[in-house]
file target_1.pdb (PDB, C-alpha atoms and all ligand atoms)
ATOM      1  CA  MET Z 920     -28.832  40.201-146.744
ATOM      2  CA  SER Z 921     -25.590  42.221-146.388
ATOM      3  CA  GLU Z 922     -22.635  41.083-148.439
ATOM      4  CA  TYR Z 923     -19.102  41.078-147.076
ATOM      5  CA  ASP Z 924     -15.762  40.416-148.708
ATOM      6  CA  ILE Z 925     -14.857  38.128-145.844
ATOM      7  CA  ILE Z 926     -16.804  36.440-143.077
ATOM      8  CA  ILE Z 927     -14.908  34.899-140.203
ATOM      9  CA  VAL Z 928     -16.838  32.388-138.113
ATOM     10  CA  GLY Z 929     -15.225  32.463-134.680
ATOM     11  CA  SER Z 930     -14.030  35.366-132.567
ATOM     12  CA  GLY Z 931     -11.220  33.578-130.758
ATOM     13  CA  PRO Z 932      -7.498  34.091-131.390
ATOM     14  CA  ALA Z 933      -7.563  32.581-134.915
ATOM     15  CA  GLY Z 934     -10.586  34.534-136.150
ATOM     16  CA  LEU Z 935      -9.595  37.849-134.581
ATOM     17  CA  SER Z 936      -6.005  37.560-135.783
ATOM     18  CA  ALA Z 937      -7.295  37.076-139.348
ATOM     19  CA  ALA Z 938      -9.651  40.041-138.969
ATOM     20  CA  LEU Z 939      -6.740  42.360-138.080
ATOM     21  CA  TYR Z 940      -5.126  41.607-141.443
ATOM     22  CA  THR Z 941      -8.229  41.572-143.656
ATOM     23  CA  SER Z 942      -9.596  44.833-142.269
ATOM     24  CA  ARG Z 943      -6.207  46.539-142.618
ATOM     25  CA  ALA Z 944      -6.266  45.340-146.255
ATOM     26  CA  ASN Z 945      -9.481  47.348-146.581
ATOM     27  CA  LEU Z 946     -11.700  44.317-147.121
ATOM     28  CA  ARG Z 947     -15.186  44.413-145.655
ATOM     29  CA  THR Z 948     -14.859  41.937-142.805
ATOM     30  CA  LEU Z 949     -17.528  40.477-140.521
ATOM     31  CA  VAL Z 950     -16.528  38.386-137.491
ATOM     32  CA  ILE Z 951     -19.285  36.192-136.052
ATOM     33  CA  GLY Z 952     -18.802  34.524-132.675
ATOM     34  CA  LYS Z 953     -21.299  32.886-130.374
ATOM     35  CA  ASP Z 954     -19.304  33.135-127.134
ATOM     36  CA  GLN Z 955     -15.769  33.541-125.750
ATOM     37  CA  GLY Z 956     -14.571  30.175-127.089
ATOM     38  CA  ALA Z 957     -11.908  28.048-125.392
ATOM     39  CA  LEU Z 958     -10.300  31.004-123.621
ATOM     40  CA  ALA Z 959     -13.425  31.704-121.547
ATOM     41  CA  LYS Z 960     -12.145  29.171-119.038
ATOM     42  CA  ALA Z 961      -8.468  30.197-119.137
ATOM     43  CA  GLU Z 962      -7.878  32.138-115.929
ATOM     44  CA  LYS Z 963      -4.238  32.937-116.533
ATOM     45  CA  ILE Z 964      -2.274  33.079-119.787
ATOM     46  CA  GLU Z 965       1.448  33.513-119.370
ATOM     47  CA  ASN Z 966       2.949  31.697-122.352
ATOM     48  CA  TYR Z 967       1.871  34.110-125.081
ATOM     49  CA  PHE Z 968       4.207  36.641-126.695
ATOM     50  CA  GLY Z 969       4.407  40.146-125.194
ATOM     51  CA  LEU Z 970       2.700  39.609-121.848
ATOM     52  CA  ALA Z 971       4.666  41.433-119.137
ATOM     53  CA  GLU Z 972       2.115  40.100-116.644
ATOM     54  CA  PRO Z 973      -0.211  37.079-116.964
ATOM     55  CA  ILE Z 974      -3.633  37.966-118.370
ATOM     56  CA  SER Z 975      -6.962  36.133-118.339
ATOM     57  CA  GLY Z 976      -8.251  34.503-121.520
ATOM     58  CA  CYS Z 977     -11.342  36.736-121.535
ATOM     59  CA  GLU Z 978      -9.219  39.886-121.236
ATOM     60  CA  LEU Z 979      -6.958  38.793-124.086
ATOM     61  CA  VAL Z 980      -9.967  38.186-126.350
ATOM     62  CA  GLU Z 981     -11.742  41.409-125.339
ATOM     63  CA  ASN Z 982      -8.564  43.481-125.959
ATOM     64  CA  THR Z 983      -8.221  41.983-129.428
ATOM     65  CA  LYS Z 984     -11.888  42.649-130.196
ATOM     66  CA  ILE Z 985     -11.295  46.345-129.449
ATOM     67  CA  GLN Z 986      -8.206  46.247-131.695
ATOM     68  CA  ALA Z 987     -10.123  44.547-134.562
ATOM     69  CA  ARG Z 988     -13.039  46.999-134.316
ATOM     70  CA  SER Z 989     -10.674  49.969-134.309
ATOM     71  CA  LEU Z 990      -9.190  48.676-137.568
ATOM     72  CA  GLY Z 991     -12.626  48.497-139.194
ATOM     73  CA  ALA Z 992     -13.823  44.913-138.655
ATOM     74  CA  GLU Z 993     -17.496  44.422-137.786
ATOM     75  CA  LEU Z 994     -18.013  42.022-134.867
ATOM     76  CA  ILE Z 995     -21.339  40.451-133.955
ATOM     77  CA  THR Z 996     -22.674  37.728-131.688
ATOM     78  CA  ASP Z 997     -24.588  35.010-133.517
ATOM     79  CA  GLU Z 998     -24.500  31.248-133.915
ATOM     80  CA  ILE Z 999     -24.009  29.857-137.427
ATOM     81  CA  PHE Z1000     -25.937  26.690-138.266
ATOM     82  CA  HIS Z1001     -25.266  26.201-141.960
ATOM     83  CA  ILE Z1002     -23.053  27.280-144.860
ATOM     84  CA  SER Z1003     -23.851  26.833-148.541
ATOM     85  CA  TRP Z1004     -22.666  28.280-151.836
ATOM     86  CA  ASN Z1005     -24.871  30.285-154.178
ATOM     87  CA  GLN Z1006     -22.769  32.750-156.188
ATOM     88  CA  GLY Z1007     -20.926  33.418-152.934
ATOM     89  CA  PHE Z1008     -21.058  31.797-149.516
ATOM     90  CA  VAL Z1009     -24.358  32.040-147.649
ATOM     91  CA  LEU Z1010     -24.198  31.568-143.888
ATOM     92  CA  GLU Z1011     -27.365  30.840-141.937
ATOM     93  CA  GLY Z1012     -27.392  32.088-138.367
ATOM     94  CA  ARG Z1013     -29.815  32.209-135.487
ATOM     95  CA  GLN Z1014     -30.396  35.918-136.198
ATOM     96  CA  GLY Z1015     -30.262  35.963-139.993
ATOM     97  CA  ASN Z1016     -28.304  35.150-143.129
ATOM     98  CA  TYR Z1017     -24.974  36.590-144.238
ATOM     99  CA  GLN Z1018     -23.154  36.497-147.567
ATOM    100  CA  ALA Z1019     -19.433  36.653-148.375
ATOM    101  CA  LYS Z1020     -16.901  36.068-151.134
ATOM    102  CA  ALA Z1021     -14.581  34.136-148.812
ATOM    103  CA  VAL Z1022     -15.121  32.456-145.441
ATOM    104  CA  LEU Z1023     -12.748  31.534-142.641
ATOM    105  CA  LEU Z1024     -13.800  28.803-140.240
ATOM    106  CA  ALA Z1025     -12.139  29.554-136.908
ATOM    107  CA  THR Z1026     -14.606  27.899-134.577
ATOM    108  CA  GLY Z1027     -12.113  26.120-132.334
ATOM    109  CA  THR Z1028     -12.266  22.470-131.504
ATOM    110  CA  SER Z1029     -15.484  20.771-130.594
ATOM    111  CA  ARG Z1030     -15.481  19.142-127.205
ATOM    112  CA  LYS Z1031     -18.984  17.727-127.621
ATOM    113  CA  LYS Z1032     -19.180  14.303-129.179
ATOM    114  CA  ALA Z1033     -21.405  11.336-128.691
ATOM    115  CA  ASP Z1034     -19.724   8.086-127.869
ATOM    116  CA  ILE Z1035     -22.589   5.827-128.863
ATOM    117  CA  ARG Z1036     -22.026   2.308-130.156
ATOM    118  CA  GLY Z1037     -22.753   2.080-133.896
ATOM    119  CA  LEU Z1038     -22.737   5.842-134.554
ATOM    120  CA  ALA Z1039     -19.343   6.074-136.268
ATOM    121  CA  GLU Z1040     -19.760   2.747-138.093
ATOM    122  CA  LEU Z1041     -23.091   3.803-139.654
ATOM    123  CA  GLU Z1042     -21.952   7.274-140.767
ATOM    124  CA  GLY Z1043     -23.105   7.691-144.372
ATOM    125  CA  HIS Z1044     -25.486   4.732-143.932
ATOM    126  CA  GLY Z1045     -28.297   6.487-142.110
ATOM    127  CA  VAL Z1046     -26.145   8.569-139.747
ATOM    128  CA  SER Z1047     -25.851  12.069-141.221
ATOM    129  CA  TYR Z1048     -24.294  15.346-140.101
ATOM    130  CA  CYS Z1049     -26.158  17.587-142.560
ATOM    131  CA  ALA Z1050     -29.948  17.774-142.728
ATOM    132  CA  ILE Z1051     -30.053  20.183-145.671
ATOM    133  CA  CYS Z1052     -27.731  17.889-147.650
ATOM    134  CA  ASP Z1053     -29.478  14.597-146.894
ATOM    135  CA  ALA Z1054     -33.140  15.391-146.052
ATOM    136  CA  PHE Z1055     -34.181  14.473-149.611
ATOM    137  CA  PHE Z1056     -33.144  10.824-149.032
ATOM    138  CA  TYR Z1057     -35.652  10.560-146.172
ATOM    139  CA  ARG Z1058     -38.830  11.553-148.017
ATOM    140  CA  GLY Z1059     -41.751   9.998-146.133
ATOM    141  CA  ARG Z1060     -39.398   8.070-143.824
ATOM    142  CA  LYS Z1061     -38.764   8.055-140.080
ATOM    143  CA  VAL Z1062     -35.951  10.315-138.855
ATOM    144  CA  ALA Z1063     -34.444  11.261-135.512
ATOM    145  CA  VAL Z1064     -32.269  14.248-134.642
ATOM    146  CA  LEU Z1065     -29.633  13.799-131.942
ATOM    147  CA  GLY Z1066     -29.077  17.040-130.016
ATOM    148  CA  ASN Z1067     -30.419  19.194-127.214
ATOM    149  CA  GLU Z1068     -29.873  22.808-128.335
ATOM    150  CA  GLU Z1069     -31.029  25.265-131.003
ATOM    151  CA  TYR Z1070     -28.822  23.661-133.656
ATOM    152  CA  ALA Z1071     -30.854  20.430-133.345
ATOM    153  CA  VAL Z1072     -34.077  22.376-133.946
ATOM    154  CA  HIS Z1073     -32.513  23.997-137.020
ATOM    155  CA  GLU Z1074     -31.607  20.586-138.457
ATOM    156  CA  LEU Z1075     -35.098  19.296-137.625
ATOM    157  CA  SER Z1076     -36.679  22.225-139.492
ATOM    158  CA  GLN Z1077     -34.953  21.003-142.681
ATOM    159  CA  LEU Z1078     -36.342  17.493-142.193
ATOM    160  CA  LEU Z1079     -39.938  18.197-141.171
ATOM    161  CA  PRO Z1080     -41.205  19.226-144.627
ATOM    162  CA  VAL Z1081     -40.063  15.937-146.204
ATOM    163  CA  ALA Z1082     -39.817  13.240-143.529
ATOM    164  CA  GLY Z1083     -42.750  10.991-142.628
ATOM    165  CA  SER Z1084     -42.113  11.455-138.917
ATOM    166  CA  ALA Z1085     -39.430  13.050-136.761
ATOM    167  CA  VAL Z1086     -38.287  12.860-133.173
ATOM    168  CA  ILE Z1087     -35.574  14.564-131.119
ATOM    169  CA  LEU Z1088     -33.218  12.427-129.018
ATOM    170  CA  THR Z1089     -31.125  14.197-126.350
ATOM    171  CA  ASP Z1090     -29.117  11.160-125.164
ATOM    172  CA  GLY Z1091     -29.764  11.822-121.493
ATOM    173  CA  LYS Z1092     -29.299  15.599-121.633
ATOM    174  CA  GLU Z1093     -31.800  18.293-120.746
ATOM    175  CA  PHE Z1094     -33.479  19.751-123.839
ATOM    176  CA  LEU Z1095     -32.529  23.439-123.940
ATOM    177  CA  ALA Z1096     -34.510  24.616-126.972
ATOM    178  CA  LYS Z1097     -38.172  24.653-128.019
ATOM    179  CA  ALA Z1098     -39.326  21.736-130.145
ATOM    180  CA  PRO Z1099     -41.830  22.408-132.935
ATOM    181  CA  GLU Z1100     -45.371  21.425-132.011
ATOM    182  CA  GLY Z1101     -46.044  17.709-132.312
ATOM    183  CA  VAL Z1102     -42.389  16.628-132.335
ATOM    184  CA  PRO Z1103     -41.626  14.279-129.426
ATOM    185  CA  VAL Z1104     -38.447  14.857-127.405
ATOM    186  CA  ILE Z1105     -36.973  11.693-125.883
ATOM    187  CA  THR Z1106     -34.406  12.451-123.182
ATOM    188  CA  LYS Z1107     -33.404   8.848-122.436
ATOM    189  CA  LYS Z1108     -29.730   7.854-122.669
ATOM    190  CA  ILE Z1109     -28.934   5.943-125.859
ATOM    191  CA  ARG Z1110     -27.083   2.616-125.683
ATOM    192  CA  SER Z1111     -26.604   1.973-129.420
ATOM    193  CA  VAL Z1112     -27.458   2.952-132.955
ATOM    194  CA  ASP Z1113     -28.645  -0.219-134.628
ATOM    195  CA  GLY Z1114     -28.428  -1.634-138.136
ATOM    196  CA  GLU Z1115     -26.236  -3.929-140.228
ATOM    197  CA  ASP Z1116     -25.800  -2.053-143.506
ATOM    198  CA  ALA Z1117     -28.013   0.914-142.653
ATOM    199  CA  VAL Z1118     -29.603   2.474-139.565
ATOM    200  CA  CYS Z1119     -32.837   0.780-138.522
ATOM    201  CA  GLY Z1120     -33.258   2.181-135.014
ATOM    202  CA  VAL Z1121     -31.746   3.050-131.665
ATOM    203  CA  THR Z1122     -31.743   1.181-128.367
ATOM    204  CA  PHE Z1123     -31.939   3.128-125.110
ATOM    205  CA  GLU Z1124     -30.131   2.285-121.862
ATOM    206  CA  ASP Z1125     -33.450   1.194-120.294
ATOM    207  CA  GLY Z1126     -33.767  -1.529-122.966
ATOM    208  CA  SER Z1127     -36.533   0.161-124.947
ATOM    209  CA  SER Z1128     -35.986   0.979-128.621
ATOM    210  CA  LEU Z1129     -37.120   3.291-131.392
ATOM    211  CA  GLU Z1130     -37.359   2.535-135.096
ATOM    212  CA  THR Z1131     -35.774   5.119-137.349
ATOM    213  CA  ASP Z1132     -34.367   5.179-140.874
ATOM    214  CA  GLY Z1133     -32.065   8.131-140.300
ATOM    215  CA  LEU Z1134     -30.200   9.702-137.400
ATOM    216  CA  PHE Z1135     -29.089  13.318-137.865
ATOM    217  CA  VAL Z1136     -26.361  14.338-135.435
ATOM    218  CA  ALA Z1137     -26.630  17.970-134.251
ATOM    219  CA  LEU Z1138     -24.974  18.049-130.851
ATOM    220  CA  GLY Z1139     -24.269  21.368-129.137
ATOM    221  CA  SER Z1140     -23.573  24.057-131.743
ATOM    222  CA  ALA Z1141     -22.459  23.430-135.285
ATOM    223  CA  GLY Z1142     -18.717  22.962-134.928
ATOM    224  CA  ALA Z1143     -16.108  23.613-137.563
ATOM    225  CA  VAL Z1144     -16.210  20.056-138.865
ATOM    226  CA  ASP Z1145     -20.032  20.123-139.113
ATOM    227  CA  LEU Z1146     -19.951  23.432-141.008
ATOM    228  CA  ALA Z1147     -17.098  22.281-143.260
ATOM    229  CA  ARG Z1148     -18.933  19.084-144.183
ATOM    230  CA  LYS Z1149     -22.049  21.031-145.171
ATOM    231  CA  VAL Z1150     -20.177  22.885-147.870
ATOM    232  CA  GLY Z1151     -18.158  19.884-149.047
ATOM    233  CA  ALA Z1152     -14.830  20.545-147.326
ATOM    234  CA  LEU Z1153     -12.673  17.553-146.426
ATOM    235  CA  THR Z1154     -12.214  16.658-142.770
ATOM    236  CA  ASP Z1155     -10.661  13.758-140.920
ATOM    237  CA  GLY Z1156     -13.702  13.624-138.646
ATOM    238  CA  ARG Z1157     -12.099  15.805-135.933
ATOM    239  CA  SER Z1158     -10.241  18.532-137.865
ATOM    240  CA  ILE Z1159     -10.634  20.380-141.143
ATOM    241  CA  GLN Z1160      -8.051  19.492-143.783
ATOM    242  CA  VAL Z1161      -6.131  22.521-145.065
ATOM    243  CA  ASP Z1162      -3.065  23.071-147.215
ATOM    244  CA  GLU Z1163      -0.073  25.233-146.251
ATOM    245  CA  THR Z1164      -2.043  28.407-147.138
ATOM    246  CA  MET Z1165      -4.901  27.358-144.770
ATOM    247  CA  ALA Z1166      -7.153  26.732-147.805
ATOM    248  CA  THR Z1167      -9.625  23.846-147.754
ATOM    249  CA  ASN Z1168     -10.504  21.917-150.915
ATOM    250  CA  VAL Z1169     -13.471  24.318-151.451
ATOM    251  CA  PRO Z1170     -12.346  27.487-153.284
ATOM    252  CA  GLY Z1171     -12.774  30.523-151.013
ATOM    253  CA  LEU Z1172     -13.170  28.484-147.815
ATOM    254  CA  TYR Z1173     -10.303  28.604-145.301
ATOM    255  CA  ALA Z1174      -9.787  27.276-141.775
ATOM    256  CA  ALA Z1175      -7.450  28.241-138.933
ATOM    257  CA  GLY Z1176      -6.785  27.592-135.260
ATOM    258  CA  ASP Z1177      -7.821  24.650-133.108
ATOM    259  CA  CYS Z1178     -10.259  23.432-135.787
ATOM    260  CA  THR Z1179      -7.345  22.383-138.015
ATOM    261  CA  GLY Z1180      -5.801  20.207-135.283
ATOM    262  CA  GLY Z1181      -2.109  20.222-134.354
ATOM    263  CA  LEU Z1182      -0.784  22.270-131.424
ATOM    264  CA  LEU Z1183      -3.880  23.681-129.702
ATOM    265  CA  GLN Z1184      -2.350  26.944-128.454
ATOM    266  CA  ILE Z1185      -3.030  30.653-128.863
ATOM    267  CA  SER Z1186       0.237  31.235-130.733
ATOM    268  CA  THR Z1187      -0.639  28.572-133.338
ATOM    269  CA  ALA Z1188      -4.178  29.944-133.749
ATOM    270  CA  VAL Z1189      -2.916  33.514-134.169
ATOM    271  CA  GLY Z1190      -0.281  32.418-136.713
ATOM    272  CA  GLU Z1191      -2.733  30.333-138.719
ATOM    273  CA  GLY Z1192      -5.280  33.179-138.634
ATOM    274  CA  ALA Z1193      -2.709  35.564-140.115
ATOM    275  CA  LYS Z1194      -1.727  33.048-142.782
ATOM    276  CA  ALA Z1195      -5.378  32.409-143.716
ATOM    277  CA  ALA Z1196      -5.997  36.161-143.904
ATOM    278  CA  MET Z1197      -3.187  36.652-146.422
ATOM    279  CA  SER Z1198      -4.610  33.835-148.559
ATOM    280  CA  MET Z1199      -8.153  35.249-148.371
ATOM    281  CA  ILE Z1200      -6.950  38.737-149.316
ATOM    282  CA  LYS Z1201      -5.317  37.250-152.434
ATOM    283  CA  PHE Z1202      -8.436  35.192-153.204
ATOM    284  CA  VAL Z1203     -10.880  38.105-152.910
ATOM    285  CA  ARG Z1204      -8.676  40.501-154.900
ATOM    286  CA  ARG Z1205      -8.192  37.926-157.676
ATOM    287  CA  ASP Z1206     -11.629  36.260-157.863
ATOM    288  CA  GLY Z1207     -13.940  38.580-155.965
TER     289      GLY Z1207
HETATM  290  C1  LIG T   1      -9.024  26.036-119.940
HETATM  291  C2  LIG T   1      -8.100  26.341-121.090
HETATM  292  C3  LIG T   1      -6.910  26.999-120.844
HETATM  293  C4  LIG T   1      -6.030  27.287-121.884
HETATM  294  N1  LIG T   1      -4.857  27.939-121.622
HETATM  295  C5  LIG T   1      -4.009  28.243-122.635
HETATM  296  C6  LIG T   1      -2.789  28.944-122.373
HETATM  297  O1  LIG T   1      -2.447  29.247-121.222
HETATM  298  N2  LIG T   1      -1.996  29.241-123.433
HETATM  299  C7  LIG T   1      -2.311  28.900-124.721
HETATM  300  O2  LIG T   1      -1.565  29.218-125.640
HETATM  301  N3  LIG T   1      -3.469  28.243-124.998
HETATM  302  C8  LIG T   1      -4.319  27.903-123.990
HETATM  303  N4  LIG T   1      -5.491  27.219-124.263
HETATM  304  C9  LIG T   1      -5.792  26.840-125.662
HETATM  305  C10 LIG T   1      -6.384  28.037-126.420
HETATM  306  O3  LIG T   1      -7.485  28.534-125.709
HETATM  307  C11 LIG T   1      -6.802  27.634-127.825
HETATM  308  O4  LIG T   1      -5.726  26.991-128.487
HETATM  309  C12 LIG T   1      -7.230  28.858-128.641
HETATM  310  O5  LIG T   1      -8.240  29.585-127.961
HETATM  311  C13 LIG T   1      -7.714  28.434-130.011
HETATM  312  O6  LIG T   1      -8.206  29.539-130.679
HETATM  313  P1  LIG T   1      -9.328  29.416-131.828
HETATM  314  O7  LIG T   1      -9.563  30.792-132.307
HETATM  315  O8  LIG T   1      -8.911  28.364-132.790
HETATM  316  O9  LIG T   1     -10.620  28.813-131.077
HETATM  317  P2  LIG T   1     -11.461  29.370-129.844
HETATM  318  O10 LIG T   1     -10.650  30.264-128.996
HETATM  319  O11 LIG T   1     -12.081  28.175-129.211
HETATM  320  O12 LIG T   1     -12.587  30.271-130.506
HETATM  321  C14 LIG T   1     -13.640  29.677-131.224
HETATM  322  C15 LIG T   1     -14.650  30.746-131.615
HETATM  323  O13 LIG T   1     -15.613  30.168-132.482
HETATM  324  C16 LIG T   1     -16.913  30.551-132.073
HETATM  325  N5  LIG T   1     -17.888  29.550-132.567
HETATM  326  C17 LIG T   1     -17.873  28.201-132.436
HETATM  327  N6  LIG T   1     -18.902  27.640-133.085
HETATM  328  C18 LIG T   1     -19.606  28.654-133.630
HETATM  329  C19 LIG T   1     -20.796  28.732-134.423
HETATM  330  N7  LIG T   1     -21.484  27.638-134.804
HETATM  331  N8  LIG T   1     -21.249  29.963-134.790
HETATM  332  C20 LIG T   1     -20.577  31.090-134.435
HETATM  333  N9  LIG T   1     -19.433  31.074-133.690
HETATM  334  C21 LIG T   1     -18.967  29.877-133.296
HETATM  335  C22 LIG T   1     -16.808  30.657-130.566
HETATM  336  O14 LIG T   1     -17.860  31.453-130.061
HETATM  337  C23 LIG T   1     -15.439  31.343-130.455
HETATM  338  O15 LIG T   1     -15.588  32.725-130.662
HETATM  339  C24 LIG T   1      -6.374  26.924-123.224
HETATM  340  C25 LIG T   1      -7.588  26.249-123.470
HETATM  341  C26 LIG T   1      -8.443  25.969-122.427
HETATM  342  C27 LIG T   1      -9.761  25.252-122.712
END

call {"tool": "encode", "arguments": {"input": "target_1.pdb", "output": "structure tokens", "more": "lines below"}}
Ligand SMILES: Cc1cc2nc3c(=O)[nH]c(=O)nc-3n(C[C@H](O)[C@H](O)[C@H](O)COP(=O)(O)OP(=O)(O)OC[C@H]3O[C@@H](n4cnc5c(N)ncnc54)[C@H](O)[C@@H]3O)c2cc1C
result
Amino acid sequence: MSEYDIIIVGSGPAGLSAALYTSRANLRTLVIGKDQGALAKAEKIENYFGLAEPISGCELVENTKIQARSLGAELITDEIFHISWNQGFVLEGRQGNYQAKAVLLATGTSRKKADIRGLAELEGHGVSYCAICDAFFYRGRKVAVLGNEEYAVHELSQLLPVAGSAVILTDGKEFLAKAPEGVPVITKKIRSVDGEDAVCGVTFEDGSSLETDGLFVALGSAGAVDLARKVGALTDGRSIQVDETMATNVPGLYAAGDCTGGLLQISTAVGEGAKAAMSMIKFVRRDG
């Protein structure tokens, strides 16, 4: 596993802006992005500094990737599923694991959420967002994973060795990954997550139901809030909580851009990325 000074999860404006500063500070920087982020759909940007002519979101990102690479940053395409701490941050991706002294979460804002009755109310009482963290509590018990992509299969893989039984629920969506042998995939739309003090099952829109002791939410890809929660960083459920230096409550973990909330614009993301970079440079030089 290669070790970096800094790993930036997200290759949008916040992540790339940070990479410009950390690589110019001569810190070994890896930027991991899974796709073009929010700007993939932005056909015309005309409110960002220095644009004589409007430019597409993709072009803006691609130009900055060239700039970051030319300054020494390493950029790769991968999807991160999990972050933990073991004498440094360890990031688990689809293609492998990565290690760093400091990490910046710059994964944008998640637009995928499940609006299912009972889900929010039962969070922490059978509804979990971290299989590695909570699998132990479900030894020999029935669990369900809510999701329809590779991230759901990753979360399931943490549960299978300990749970009594496991099932994948896609809440009406097509299942886009490959389920491990013997694990049922139920694609029916979910009406509610049931239970008074703790989850006891789910009811589907067709009136049928499924008993389960735990529901692990793994919708779409792991978003910033999912990743932050896994390593113990505070969130308000939608955004990561940071101080004025873009630091989270976990030493060495920073966040910038749309994932911290506020004004969801390129200029904010770029500014926060720069600020986070300066804080990470200080952190790595002092503690690394
Ligand atoms: C259609 C549209 C038009 C817009 N137009 C404008 C505009 O004209 N002007 C303006 O200022 N702003 C505009 N915005 C807002 C702007 O795009 C965002 O504010 C900005 O992109 C936020 O940057 P970011 O780096 O925080 O996140 P993003 O740009 O969303 O980048 C997130 C990055 O994280 C990566 N990522 C996410 N999860 C993972 C994971 N698990 N593993 C690895 N990588 C991951 C993504 O692949 C991506 O690289 C627009 C947004 C949209 C949707």

call {"tool": "closest_residue", "arguments": {"input": "target_1.pdb", "among": "Z:Ala1021, Z:Leu958, Z:Lys1108, Z:Gly991", "to": "Arg1205 in chain Z", "atoms": "only C-alpha atoms"}}
result
Z:Ala1021

call {"tool": "resolve_selection", "arguments": {"input": "target_1.pdb", "expression": "the PyMOL selection byres (((not hetatm)) within 7 of (chain T and resi 1))", "output": "PyMOL selection string"}}
result
chain Z and resi 928-934+951-958+960-961+963-967+997-1000+1025-1028+1140-1143+1175-1178+1183-1186+1188

call {"tool": "residues_around", "arguments": {"input": "target_1.pdb", "residues": "Leu1095 in chain Z", "least_positions_apart": "3", "cutoff": "9 Å", "atoms": "all atoms listed in the file", "output": "JSON, numbers by chain"}}
result
{"Z": [1067, 1068, 1069, 1092]}

call {"tool": "closest_residue", "arguments": {"input": "target_1.pdb", "among": "Z:Ala992, Z:Pro1099, Z:Cys1119, Z:Ile926", "to": "Asn945 in chain Z", "atoms": "all atoms listed in the file"}}
result
Z:Ala992

call {"tool": "resolve_selection", "arguments": {"input": "target_1.pdb", "expression": "the PyMOL selection byres (((chain Z and resi 1014) around 10) and not hetatm)", "output": "PyMOL selection string"}}
result
chain Z and resi 996-999+1011-1013+1015-1017

call {"tool": "resolve_selection", "arguments": {"input": "target_1.pdb", "expression": "the PyMOL selection byres (((chain Z and resi 1133) around 6) and not hetatm)", "output": "list in words"}}
result
Gly1045, Val1046, Val1062, Thr1131, Asp1132 and Leu1134 of chain Z

call {"tool": "decode", "arguments": {"input": "target_1.pdb", "residues": "range 980-1018 of chain Z", "atoms": "C-alpha atoms", "output": "PDB file, in the first residue's frame"}}
result
ATOM      1  CA  VAL Z 980     -12.296  20.484 -14.322  1.00  0.00           C
ATOM      2  CA  GLU Z 981     -10.118  18.938 -17.049  1.00  0.00           C
ATOM      3  CA  ASN Z 982      -7.996  22.132 -17.314  1.00  0.00           C
ATOM      4  CA  THR Z 983      -7.424  22.108 -13.563  1.00  0.00           C
ATOM      5  CA  LYS Z 984      -6.495  18.418 -13.621  1.00  0.00           C
ATOM      6  CA  ILE Z 985      -3.750  19.226 -16.146  1.00  0.00           C
ATOM      7  CA  GLN Z 986      -2.608  22.099 -13.903  1.00  0.00           C
ATOM      8  CA  ALA Z 987      -2.552  19.870 -10.771  1.00  0.00           C
ATOM      9  CA  ARG Z 988      -0.637  17.090 -12.554  1.00  0.00           C
ATOM     10  CA  SER Z 989       1.905  19.567 -13.901  1.00  0.00           C
ATOM     11  CA  LEU Z 990       2.553  20.705 -10.326  1.00  0.00           C
ATOM     12  CA  GLY Z 991       3.223  17.135  -9.191  1.00  0.00           C
ATOM     13  CA  ALA Z 992      -0.116  15.843  -7.867  1.00  0.00           C
ATOM     14  CA  GLU Z 993      -1.036  12.243  -8.695  1.00  0.00           C
ATOM     15  CA  LEU Z 994      -4.623  11.886  -9.939  1.00  0.00           C
ATOM     16  CA  ILE Z 995      -6.477   8.591 -10.198  1.00  0.00           C
ATOM     17  CA  THR Z 996     -10.002   7.349 -10.800  1.00  0.00           C
ATOM     18  CA  ASP Z 997     -11.361   5.171  -8.006  1.00  0.00           C
ATOM     19  CA  GLU Z 998     -14.339   5.068  -5.673  1.00  0.00           C
ATOM     20  CA  ILE Z 999     -13.652   5.192  -1.929  1.00  0.00           C
ATOM     21  CA  PHE Z1000     -15.916   3.068   0.266  1.00  0.00           C
ATOM     22  CA  HIS Z1001     -14.366   3.391   3.705  1.00  0.00           C
ATOM     23  CA  ILE Z1002     -11.888   5.384   5.795  1.00  0.00           C
ATOM     24  CA  SER Z1003     -10.326   4.249   9.058  1.00  0.00           C
ATOM     25  CA  TRP Z1004      -7.340   5.198  11.188  1.00  0.00           C
ATOM     26  CA  ASN Z1005      -4.424   2.881  11.892  1.00  0.00           C
ATOM     27  CA  GLN Z1006      -1.245   4.898  12.488  1.00  0.00           C
ATOM     28  CA  GLY Z1007      -2.381   7.046   9.567  1.00  0.00           C
ATOM     29  CA  PHE Z1008      -5.567   7.148   7.528  1.00  0.00           C
ATOM     30  CA  VAL Z1009      -6.389   4.037   5.506  1.00  0.00           C
ATOM     31  CA  LEU Z1010      -8.780   4.507   2.599  1.00  0.00           C
ATOM     32  CA  GLU Z1011     -10.469   1.496   1.033  1.00  0.00           C
ATOM     33  CA  GLY Z1012     -11.301   1.834  -2.641  1.00  0.00           C
ATOM     34  CA  ARG Z1013     -12.753  -0.320  -5.368  1.00  0.00           C
ATOM     35  CA  GLN Z1014      -9.238  -0.807  -6.783  1.00  0.00           C
ATOM     36  CA  GLY Z1015      -7.188  -1.005  -3.593  1.00  0.00           C
ATOM     37  CA  ASN Z1016      -6.192   0.635  -0.330  1.00  0.00           C
ATOM     38  CA  TYR Z1017      -4.345   3.911   0.166  1.00  0.00           C
ATOM     39  CA  GLN Z1018      -2.639   5.426   3.198  1.00  0.00           C
TER      40      GLN Z1018
END
